[in-house]
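J.: So here's run31.txt (compact mmCIF, C-alpha atoms).
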# COMPACT_ATOMS: atom_id res chain seq x y z
CA MET A 1 -4.27 -65.92 26.47
CA SER A 2 -7.92 -65.17 26.06
CA PHE A 3 -9.96 -65.46 22.90
CA GLY A 4 -10.23 -61.68 22.62
CA THR A 5 -6.44 -61.28 22.77
CA VAL A 6 -5.89 -63.88 20.05
CA LEU A 7 -8.48 -62.20 17.86
CA PHE A 8 -6.85 -58.81 18.46
CA LEU A 9 -3.40 -60.14 17.54
CA ILE A 10 -4.65 -61.77 14.33
CA LEU A 11 -6.43 -58.59 13.25
CA ALA A 12 -3.43 -56.45 14.19
CA LEU A 13 -1.15 -58.73 12.15
CA ILE A 14 -3.44 -58.40 9.11
CA ALA A 15 -3.55 -54.62 9.55
CA VAL A 16 0.23 -54.24 9.83
CA VAL A 17 0.96 -56.65 6.96
CA SER A 18 -1.50 -54.87 4.66
CA ALA A 19 0.01 -51.50 5.61
CA VAL A 20 3.51 -52.78 4.79
CA GLY A 21 2.12 -54.21 1.54
CA MET A 22 0.76 -50.77 0.70
CA LEU A 23 4.17 -49.30 1.45
CA THR A 24 6.16 -51.71 -0.74
CA SER A 25 3.88 -52.45 -3.68
CA THR A 26 4.93 -51.25 -7.11
CA ASN A 27 1.41 -51.18 -8.49
CA ALA A 28 -0.84 -48.34 -7.35
CA VAL A 29 -3.99 -50.47 -7.69
CA HIS A 30 -2.50 -53.14 -5.42
CA ALA A 31 -1.53 -50.44 -2.93
CA ALA A 32 -5.12 -49.17 -2.90
CA LEU A 33 -6.48 -52.69 -2.32
CA PHE A 34 -3.99 -53.27 0.53
CA LEU A 35 -5.20 -50.03 2.08
CA VAL A 36 -8.83 -51.21 1.77
CA THR A 37 -7.86 -54.36 3.70
CA ASN A 38 -6.28 -52.22 6.39
CA PHE A 39 -9.38 -50.02 6.66
CA VAL A 40 -11.65 -53.05 7.03
CA CYS A 41 -9.42 -54.29 9.87
CA ILE A 42 -9.74 -50.91 11.59
CA ALA A 43 -13.52 -51.06 11.15
CA LEU A 44 -13.47 -54.42 12.97
CA PHE A 45 -11.42 -52.84 15.75
CA TYR A 46 -14.10 -50.15 16.05
CA LEU A 47 -16.70 -52.90 16.49
CA GLY A 48 -14.63 -54.34 19.33
CA LEU A 49 -14.30 -50.90 20.90
CA ASN A 50 -18.07 -50.37 21.26
CA ALA A 51 -18.20 -48.04 18.28
CA PRO A 52 -20.55 -49.66 15.74
CA PHE A 53 -21.47 -46.26 14.28
CA LEU A 54 -17.81 -45.55 13.54
CA ALA A 55 -17.37 -49.01 12.02
CA MET A 56 -20.18 -48.36 9.56
CA VAL A 57 -18.89 -44.85 8.77
CA GLN A 58 -15.43 -46.32 8.21
CA ILE A 59 -16.76 -48.90 5.74
CA THR A 60 -19.05 -46.54 3.83
CA ILE A 61 -16.85 -43.45 3.68
CA TYR A 62 -13.31 -44.80 3.68
CA THR A 63 -13.52 -48.09 1.82
CA GLY A 64 -16.65 -47.08 -0.06
CA ALA A 65 -16.08 -43.50 -1.14
CA ILE A 66 -12.49 -42.42 -0.58
CA MET A 67 -10.78 -45.54 -1.91
CA VAL A 68 -13.08 -45.65 -4.94
CA LEU A 69 -12.04 -42.04 -5.60
CA PHE A 70 -8.40 -43.13 -5.40
CA LEU A 71 -9.00 -46.02 -7.81
CA PHE A 72 -10.85 -43.70 -10.21
CA VAL A 73 -7.91 -41.32 -10.32
CA ILE A 74 -5.39 -44.16 -10.74
CA MET A 75 -7.38 -45.55 -13.67
CA LEU A 76 -7.98 -42.08 -15.11
CA LEU A 77 -4.29 -41.17 -15.15
CA GLY A 78 -3.15 -44.61 -16.26
CA ALA A 79 -0.54 -44.36 -13.52
CA ALA A 80 -0.83 -47.85 -12.10
CA GLN A 81 2.87 -48.63 -12.40
CA VAL A 82 4.97 -46.72 -9.90
CA SER A 83 8.65 -47.08 -9.25
CA LEU A 84 10.14 -47.72 -5.84
CA ARG A 85 13.37 -45.92 -6.61
CA SER A 86 14.05 -42.42 -5.45
CA THR A 87 16.27 -40.02 -7.32
CA LEU A 88 18.18 -39.21 -4.15
CA ARG A 89 20.40 -42.03 -2.89
CA TRP A 90 20.64 -40.92 0.76
CA HIS A 91 16.89 -40.54 0.89
CA GLY A 92 15.90 -44.13 1.72
CA PRO A 93 18.36 -44.88 4.56
CA LEU A 94 17.66 -41.53 6.20
CA ALA A 95 13.92 -42.18 6.09
CA VAL A 96 14.38 -45.65 7.63
CA VAL A 97 16.48 -44.20 10.47
CA LEU A 98 13.90 -41.47 11.13
CA VAL A 99 11.01 -43.95 11.19
CA LEU A 100 12.87 -46.27 13.57
CA MET A 101 13.50 -43.31 15.87
CA LEU A 102 9.79 -42.47 15.72
CA ILE A 103 8.83 -46.04 16.65
CA GLY A 104 11.33 -45.94 19.53
CA VAL A 105 9.92 -42.72 20.95
CA ALA A 106 6.35 -44.02 20.54
CA GLY A 107 7.31 -47.24 22.37
CA VAL A 108 8.89 -45.32 25.23
CA MET A 109 5.75 -43.21 25.49
CA ALA A 110 3.43 -46.21 25.38
CA PHE A 111 5.32 -48.15 28.05
CA SER A 112 6.30 -45.27 30.31
CA PRO A 113 4.54 -45.65 33.69
CA ALA A 114 4.13 -41.90 33.96
CA VAL A 115 2.02 -41.86 30.80
CA ASN A 116 -0.15 -44.94 31.09
CA ASN A 117 -1.05 -45.17 34.72
CA ASN A 118 -4.32 -46.93 33.99
CA LEU A 119 -4.01 -48.01 30.37
CA THR A 120 -2.44 -51.42 30.90
CA SER A 121 -5.50 -52.76 32.67
CA PRO A 122 -7.92 -54.63 30.46
CA LEU A 123 -10.81 -52.70 29.06
CA ALA A 124 -13.24 -55.07 30.77
CA LEU A 125 -12.63 -53.30 34.09
CA GLN A 126 -14.84 -50.45 33.01
CA GLU A 127 -18.11 -52.01 32.05
CA ALA A 128 -19.76 -50.18 29.19
CA SER A 129 -23.49 -50.05 28.90
CA THR A 130 -24.96 -51.32 25.66
CA ALA A 131 -26.04 -47.78 24.78
CA PHE A 132 -22.44 -46.51 24.76
CA GLY A 133 -21.29 -45.70 21.24
CA SER A 134 -24.62 -46.47 19.65
CA PRO A 135 -25.62 -44.19 16.75
CA GLN A 136 -28.21 -42.60 19.02
CA ALA A 137 -25.68 -41.69 21.73
CA VAL A 138 -23.15 -40.38 19.19
CA GLY A 139 -25.85 -38.37 17.43
CA GLU A 140 -27.06 -36.78 20.65
CA VAL A 141 -23.56 -35.56 21.52
CA LEU A 142 -22.89 -34.54 17.92
CA PHE A 143 -25.97 -32.31 17.70
CA SER A 144 -25.74 -30.81 21.19
CA ASN A 145 -22.15 -30.34 22.42
CA TYR A 146 -20.53 -30.34 18.98
CA LEU A 147 -23.14 -28.47 16.95
CA LEU A 148 -20.83 -25.63 15.85
CA PRO A 149 -17.98 -27.95 14.73
CA PHE A 150 -20.59 -30.02 12.89
CA GLN A 151 -21.75 -26.97 10.92
CA MET A 152 -18.16 -25.93 10.24
CA VAL A 153 -17.35 -29.39 8.89
CA GLY A 154 -20.34 -29.06 6.57
CA ILE A 155 -18.98 -25.76 5.25
CA LEU A 156 -15.55 -27.35 4.90
CA LEU A 157 -16.99 -30.13 2.74
CA LEU A 158 -18.77 -27.55 0.57
CA VAL A 159 -15.54 -25.57 0.14
CA ALA A 160 -13.61 -28.74 -0.71
CA MET A 161 -16.21 -29.73 -3.29
CA ILE A 162 -16.14 -26.31 -4.96
CA GLY A 163 -12.34 -26.33 -4.80
CA ALA A 164 -12.09 -29.73 -6.47
CA VAL A 165 -14.44 -28.61 -9.26
CA VAL A 166 -12.52 -25.36 -9.81
CA LEU A 167 -9.15 -27.12 -9.79
CA THR A 168 -10.06 -29.74 -12.38
CA ARG A 169 -11.98 -27.36 -14.65
CA GLU A 170 -10.59 -26.92 -18.15
CA ALA A 171 -8.73 -23.62 -18.28
CA LYS A 172 -10.60 -21.47 -20.77
CA LYS A 173 -8.63 -18.91 -22.71
CA PRO A 174 -10.18 -15.43 -22.50
CA THR A 175 -11.71 -14.70 -25.91
CA ARG A 176 -13.37 -11.37 -25.15
CA GLN A 177 -10.38 -9.11 -25.77
CA PRO A 178 -8.15 -10.54 -28.49
CA GLY A 179 -4.77 -9.02 -27.76
CA PRO A 180 -1.31 -9.60 -29.15
CA GLU A 181 -0.60 -12.23 -26.50
CA GLU A 182 -3.37 -14.39 -27.94
CA SER A 183 -1.28 -15.35 -30.95
CA SER A 184 1.55 -16.72 -28.84
CA PRO A 185 1.62 -20.52 -28.69
CA ALA A 186 -0.10 -21.84 -25.58
CA GLY A 187 2.88 -23.56 -24.08
CA GLU A 188 2.34 -25.35 -20.79
CA MET B 189 -19.82 -59.64 19.17
CA GLU B 190 -19.88 -58.00 22.58
CA GLU B 191 -16.72 -59.76 23.73
CA ILE B 192 -14.44 -59.38 20.72
CA ALA B 193 -11.58 -57.34 22.12
CA PHE B 194 -12.68 -56.17 25.52
CA LEU B 195 -10.04 -58.10 27.41
CA VAL B 196 -7.21 -56.35 25.56
CA PRO B 197 -5.48 -53.50 27.41
CA THR B 198 -5.75 -50.08 25.85
CA SER B 199 -1.98 -49.91 25.45
CA TYR B 200 -2.19 -52.69 22.82
CA TYR B 201 -4.37 -50.42 20.72
CA ILE B 202 -2.00 -47.50 21.28
CA ILE B 203 1.01 -49.57 20.20
CA LEU B 204 -0.80 -50.80 17.09
CA SER B 205 -1.80 -47.22 16.33
CA GLY B 206 1.83 -46.11 16.71
CA VAL B 207 3.11 -48.84 14.40
CA LEU B 208 0.52 -48.00 11.72
CA PHE B 209 1.38 -44.31 12.07
CA ALA B 210 5.09 -45.09 11.63
CA ILE B 211 4.34 -47.10 8.48
CA GLY B 212 2.39 -44.12 7.18
CA VAL B 213 5.30 -41.79 7.92
CA ALA B 214 7.65 -44.22 6.13
CA GLY B 215 5.31 -44.09 3.13
CA VAL B 216 5.40 -40.30 3.04
CA LEU B 217 9.19 -40.26 3.36
CA LEU B 218 10.03 -43.12 1.00
CA ARG B 219 7.49 -43.05 -1.82
CA ARG B 220 7.78 -40.40 -4.48
CA ASN B 221 4.43 -41.01 -6.14
CA ALA B 222 1.82 -38.39 -5.20
CA ILE B 223 -1.07 -40.89 -5.05
CA LEU B 224 0.82 -43.24 -2.74
CA LEU B 225 1.77 -40.22 -0.65
CA LEU B 226 -1.91 -39.37 -0.15
CA MET B 227 -2.65 -43.01 0.73
CA SER B 228 0.06 -42.90 3.40
CA VAL B 229 -1.50 -39.76 4.85
CA GLU B 230 -4.82 -41.61 4.99
CA LEU B 231 -3.10 -44.44 6.86
CA MET B 232 -1.73 -41.97 9.42
CA LEU B 233 -5.17 -40.40 9.91
CA ASN B 234 -6.66 -43.85 10.45
CA SER B 235 -4.09 -44.80 13.06
CA ALA B 236 -4.89 -41.59 14.95
CA ASN B 237 -8.58 -42.46 14.69
CA LEU B 238 -7.90 -45.86 16.20
CA ALA B 239 -6.18 -44.22 19.19
CA PHE B 240 -9.14 -41.84 19.56
CA ALA B 241 -11.61 -44.74 19.61
CA ALA B 242 -9.48 -46.72 22.09
CA PHE B 243 -9.27 -43.79 24.52
CA SER B 244 -12.96 -43.13 24.04
CA ARG B 245 -13.67 -46.71 25.15
CA THR B 246 -11.23 -46.50 28.06
CA PHE B 247 -12.67 -43.35 29.57
CA LEU B 248 -16.24 -44.06 28.41
CA ASP B 249 -16.54 -40.69 26.71
CA VAL B 250 -18.38 -40.45 23.39
CA GLY B 251 -16.44 -37.28 22.54
CA GLY B 252 -13.58 -39.38 21.17
CA GLN B 253 -15.90 -41.06 18.71
CA VAL B 254 -17.30 -37.70 17.62
CA PHE B 255 -13.74 -36.58 16.93
CA VAL B 256 -13.13 -39.65 14.79
CA PHE B 257 -16.21 -38.64 12.82
CA PHE B 258 -14.78 -35.15 12.28
CA VAL B 259 -11.38 -36.53 11.27
CA ILE B 260 -13.00 -38.82 8.69
CA THR B 261 -14.89 -35.82 7.26
CA VAL B 262 -11.75 -33.72 7.03
CA ALA B 263 -9.93 -36.66 5.41
CA ALA B 264 -12.65 -36.87 2.76
CA ALA B 265 -12.28 -33.14 2.00
CA GLU B 266 -8.50 -33.49 1.91
CA VAL B 267 -8.63 -36.41 -0.52
CA ALA B 268 -11.04 -34.57 -2.83
CA VAL B 269 -8.79 -31.51 -3.08
CA GLY B 270 -5.57 -33.56 -3.16
CA LEU B 271 -6.72 -35.80 -5.99
CA ALA B 272 -7.97 -32.77 -7.94
CA LEU B 273 -4.50 -31.25 -7.56
CA ILE B 274 -2.88 -34.50 -8.72
CA VAL B 275 -5.10 -34.66 -11.82
CA THR B 276 -4.29 -31.04 -12.67
CA ILE B 277 -0.55 -31.57 -12.14
CA PHE B 278 -0.65 -34.69 -14.31
CA HIS B 279 -2.35 -32.78 -17.12
CA THR B 280 0.32 -30.09 -17.14
CA LYS B 281 3.47 -32.11 -16.41
CA ARG B 282 2.56 -35.67 -17.53
CA SER B 283 4.01 -37.00 -14.26
CA ILE B 284 3.00 -37.21 -10.62
CA ASP B 285 6.48 -37.82 -9.25
CA ILE B 286 6.84 -35.20 -6.54
CA ASP B 287 10.61 -34.97 -7.07
CA GLU B 288 9.92 -33.45 -10.48
CA LEU B 289 7.72 -30.72 -9.07
CA HIS B 290 9.98 -27.78 -8.54
CA ALA B 291 8.16 -25.02 -10.39
CA MET B 292 7.86 -23.03 -7.14
CA GLU B 293 11.59 -23.22 -6.40
CA GLY B 294 13.09 -19.84 -5.56
Show the structure stored in the file as structure tokens.
T.:
Amino acid sequence: MSFGTVLFLILALIAVVSAVGMLTSTNAVHAALFLVTNFVCIALFYLGLNAPFLAMVQITIYTGAIMVLFLFVIMLLGAAQVSLRSTLRWHGPLAVVLVLMLIGVAGVMAFSPAVNNNLTSPLALQEASTAFGSPQAVGEVLFSNYLLPFQMVGILLLVAMIGAVVLTREAKKPTRQPGPEESSPAGE
Amino acid sequence: MEEIAFLVPTSYYIILSGVLFAIGVAGVLLRRNAILLLMSVELMLNSANLAFAAFSRTFLDVGGQVFVFFVITVAAAEVAVGLALIVTIFHTKRSIDIDELHAMEG
């Protein structure tokens, strides 16, 4: 077993254990920190896959921005304690059966010879140049072949930002036309 | 750094990606807290990203990495809107348990 394989297995173990920890923790803050661990593991996988640009994006956006947003909301709502119990009793066993079926189908797909004709060979067979996956190479493709999707993603981010602001805005009562419905108690 | 995981077959990455995706699905099915639900969705998106990056390395095509970039951007937008929804729901109902959200029931 080569050094790379051992390193992969250790990182994969950390990733799976932290994901299971996220799944089973009863404290939302702990769940968020488990997820950060998982994201850092995936960033390390990106480094091993000749994708240093993606590794840096993963660290800055996922563990830097998105998870901090999660932690902000958890602290803001004071909802750190979450229960594991569901109100429906048949819910848990059914979910476990469905997930096991999903893993089975995924395993059959991954090991089927019709699907992975050349995936079981080590990655070293195809030698990558040092320029592959560098920020320069990714940027050139991003701004030439994928220019339109890039612009659309920019618009999507703008729409999401405006949507988040509109959704969390305090609902103002209309005060221009005082009607009879104004006197009714503002029940929520 | 150049030799970290190059000797690992691509199928290892695909299996790991499948296992992480299944854990994310289990989170969506089992947990009833809206914040943990969103975290599980993030986990699923990340496992798909890992498969994208692995295939990108296998076929030496940068397009896979560009797609990971797009998926991360869409995930950021999704989290922004989702957390705004959660905050609004919490202000009106004092709870983010999704089993208690049945205002839209017919």
J.: Would you list the contacts of Ser134 in chain A as a compact mmCIF listing (two decimals) with C-alpha atoms, in the coordinates of the input, taking every protein, DNA or RNA residue within 10 Å and counting all atoms listed in the file, but skipping same-chain residues closer than 6 positions in sequence?
T.:
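The resulting around15.txt:
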# COMPACT_ATOMS: atom_id res chain seq x y z
CA ASN A 50 -18.07 -50.37 21.26
CA ALA A 51 -18.20 -48.04 18.28
CA PRO A 52 -20.55 -49.66 15.74
CA PHE A 53 -21.47 -46.26 14.28
CA LEU A 54 -17.81 -45.55 13.54
CA VAL B 250 -18.38 -40.45 23.39
J.: Do a neighbour search on Val256 in chain B at 6 Å with all atoms listed in the file, toss out local chain neighbours closer than 3 positions, and write the hits as an MDAnalysis selection string.
T.: chainID B and resid 237 253 259
J.: At what distance in Å, to one decimal, does CA of Ala160 in chain A lie from CA of Ala264 in chain B?
T.: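 Atom-to-atom, CA of Ala264 in chain B and CA of Ala160 in chain A are spaced 8.9 Å apart.
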J.: Which of these residues is nearest to chain B, using only C-alpha atoms: A:Gln151, A:Ala106, A:Gln136, A:Val97?
T.: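 Of all the options, A:Ala106 lies closest to chain B.
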J.: If you measure from CA of Ser283 in chain B to CA of Val229 in chain B, what distance in Å do you get, rounded to one decimal?
T.: 20.1 Å
J.: Which one of B:Ser199, B:Ser205, B:Leu225, B:Val216 sits closest to chain A if you count all atoms listed in the file?
T.: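 When distances to chain A are compared using all atoms listed in the file, the smallest one comes from B:Ser199.
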J.: Enter the distance from CA of Thr280 in chain B to CA of Leu218 in chain B, in Å, rounded to one decimal.
T.: 24.4 Å
J.: Which protein, DNA or RNA residues have an atom at most 12 Å from (-6.3, -44.5, 14.6), counting all atoms listed in the file? List them as a PDB file with C-alpha atoms, in the coordinates of the input.
T.:
ATOM      1  CA  ALA A  15      -3.550 -54.620   9.550  1.00  0.00           C
ATOM      2  CA  ASN A  38      -6.280 -52.220   6.390  1.00  0.00           C
ATOM      3  CA  PHE A  39      -9.380 -50.020   6.660  1.00  0.00           C
ATOM      4  CA  CYS A  41      -9.420 -54.290   9.870  1.00  0.00           C
ATOM      5  CA  ILE A  42      -9.740 -50.910  11.590  1.00  0.00           C
ATOM      6  CA  ALA A  43     -13.520 -51.060  11.150  1.00  0.00           C
ATOM      7  CA  PHE A  45     -11.420 -52.840  15.750  1.00  0.00           C
ATOM      8  CA  TYR A  46     -14.100 -50.150  16.050  1.00  0.00           C
ATOM      9  CA  LEU A  54     -17.810 -45.550  13.540  1.00  0.00           C
ATOM     10  CA  GLN A  58     -15.430 -46.320   8.210  1.00  0.00           C
TER      11      GLN A  58
ATOM     12  CA  TYR B 201      -4.370 -50.420  20.720  1.00  0.00           C
ATOM     13  CA  ILE B 202      -2.000 -47.500  21.280  1.00  0.00           C
ATOM     14  CA  ILE B 203       1.010 -49.570  20.200  1.00  0.00           C
ATOM     15  CA  LEU B 204      -0.800 -50.800  17.090  1.00  0.00           C
ATOM     16  CA  SER B 205      -1.800 -47.220  16.330  1.00  0.00           C
ATOM     17  CA  GLY B 206       1.830 -46.110  16.710  1.00  0.00           C
ATOM     18  CA  VAL B 207       3.110 -48.840  14.400  1.00  0.00           C
ATOM     19  CA  LEU B 208       0.520 -48.000  11.720  1.00  0.00           C
ATOM     20  CA  PHE B 209       1.380 -44.310  12.070  1.00  0.00           C
ATOM     21  CA  ALA B 210       5.090 -45.090  11.630  1.00  0.00           C
ATOM     22  CA  GLY B 212       2.390 -44.120   7.180  1.00  0.00           C
ATOM     23  CA  VAL B 229      -1.500 -39.760   4.850  1.00  0.00           C
ATOM     24  CA  GLU B 230      -4.820 -41.610   4.990  1.00  0.00           C
ATOM     25  CA  LEU B 231      -3.100 -44.440   6.860  1.00  0.00           C
ATOM     26  CA  MET B 232      -1.730 -41.970   9.420  1.00  0.00           C
ATOM     27  CA  LEU B 233      -5.170 -40.400   9.910  1.00  0.00           C
ATOM     28  CA  ASN B 234      -6.660 -43.850  10.450  1.00  0.00           C
ATOM     29  CA  SER B 235      -4.090 -44.800  13.060  1.00  0.00           C
ATOM     30  CA  ALA B 236      -4.890 -41.590  14.950  1.00  0.00           C
ATOM     31  CA  ASN B 237      -8.580 -42.460  14.690  1.00  0.00           C
ATOM     32  CA  LEU B 238      -7.900 -45.860  16.200  1.00  0.00           C
ATOM     33  CA  ALA B 239      -6.180 -44.220  19.190  1.00  0.00           C
ATOM     34  CA  PHE B 240      -9.140 -41.840  19.560  1.00  0.00           C
ATOM     35  CA  ALA B 241     -11.610 -44.740  19.610  1.00  0.00           C
ATOM     36  CA  ALA B 242      -9.480 -46.720  22.090  1.00  0.00           C
ATOM     37  CA  PHE B 243      -9.270 -43.790  24.520  1.00  0.00           C
ATOM     38  CA  SER B 244     -12.960 -43.130  24.040  1.00  0.00           C
ATOM     39  CA  GLY B 252     -13.580 -39.380  21.170  1.00  0.00           C
ATOM     40  CA  GLN B 253     -15.900 -41.060  18.710  1.00  0.00           C
ATOM     41  CA  PHE B 255     -13.740 -36.580  16.930  1.00  0.00           C
ATOM     42  CA  VAL B 256     -13.130 -39.650  14.790  1.00  0.00           C
ATOM     43  CA  PHE B 257     -16.210 -38.640  12.820  1.00  0.00           C
ATOM     44  CA  VAL B 259     -11.380 -36.530  11.270  1.00  0.00           C
ATOM     45  CA  ILE B 260     -13.000 -38.820   8.690  1.00  0.00           C
TER      46      ILE B 260
END
J.: Smallest atom-to-atom distance to chain B: which of A:Val138, A:Met101, A:Met152, A:Leu11, using only C-alpha atoms?
T.: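 Between A:Val138, A:Met101, A:Met152, A:Leu11, the residue approaching chain B most closely is A:Val138.
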J.: Could you pull the residues within 12 Å of Arg282 in chain B, counting all atoms listed in the file, minus those fewer than 5 positions along the same chain, as a ChimeraX atom specification?
T.: /A:77-79,188 /B:274-277,288-289
J.: Deliver the residues from the most recent selection as a file, using C-alpha atoms, as a compact mmCIF listing (two decimals), keeping the file's coordinate frame.
T.:
# COMPACT_ATOMS: atom_id res chain seq x y z
CA LEU A 77 -4.29 -41.17 -15.15
CA GLY A 78 -3.15 -44.61 -16.26
CA ALA A 79 -0.54 -44.36 -13.52
CA GLU A 188 2.34 -25.35 -20.79
CA ILE B 274 -2.88 -34.50 -8.72
CA VAL B 275 -5.10 -34.66 -11.82
CA THR B 276 -4.29 -31.04 -12.67
CA ILE B 277 -0.55 -31.57 -12.14
CA GLU B 288 9.92 -33.45 -10.48
CA LEU B 289 7.72 -30.72 -9.07
J.: What's the 7 Å shell around Ala19 in chain A, counting all atoms listed in the file, without same-chain residues fewer than 5 positions away, as a short mmCIF file (atom, residue, chain, number, x, y, z; two decimals) with C-alpha atoms, in the coordinates of the input?
T.:
data_model
loop_
_atom_site.label_atom_id
_atom_site.label_comp_id
_atom_site.auth_asym_id
_atom_site.auth_seq_id
_atom_site.Cartn_x
_atom_site.Cartn_y
_atom_site.Cartn_z
CA PHE A 34 -3.99 -53.27 0.53
CA LEU A 35 -5.20 -50.03 2.08
CA ASN A 38 -6.28 -52.22 6.39
CA ILE B 211 4.34 -47.10 8.48
#
J.: Could you tell me which of A:Val99, A:Gly92, A:Val73, A:Asn145 comes closest to Ala272 in chain B if we count only C-alpha atoms?
T.: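 When distances to Ala272 in chain B are compared using only C-alpha atoms, the smallest one comes from A:Val73.
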J.: Can you tell me which residues surround range 220-222 of chain B at a distance of at most 7 Å, considering all atoms listed in the file, apart from same-chain residues fewer than 2 positions away, and format the answer as a tab-separated table (two decimals) with C-alpha atoms, in the coordinates of the input?
T.:
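Contents of the output file result16.tsv:
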chain	number	residue	atom	x	y	z
A	82	VAL	CA	4.97	-46.72	-9.90
A	86	SER	CA	14.05	-42.42	-5.45
B	218	LEU	CA	10.03	-43.12	1.00
B	224	LEU	CA	0.82	-43.24	-2.74
B	225	LEU	CA	1.77	-40.22	-0.65
B	226	LEU	CA	-1.91	-39.37	-0.15
B	284	ILE	CA	3.00	-37.21	-10.62
B	285	ASP	CA	6.48	-37.82	-9.25
B	286	ILE	CA	6.84	-35.20	-6.54
B	287	ASP	CA	10.61	-34.97	-7.07
J.: Which residue is closest to chain A? Choose from B:Pro197, B:His290, B:Met227, B:Phe258 and count all atoms listed in the file.
T.: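 Checking each candidate against chain A, we get B:Pro197 as the closest.
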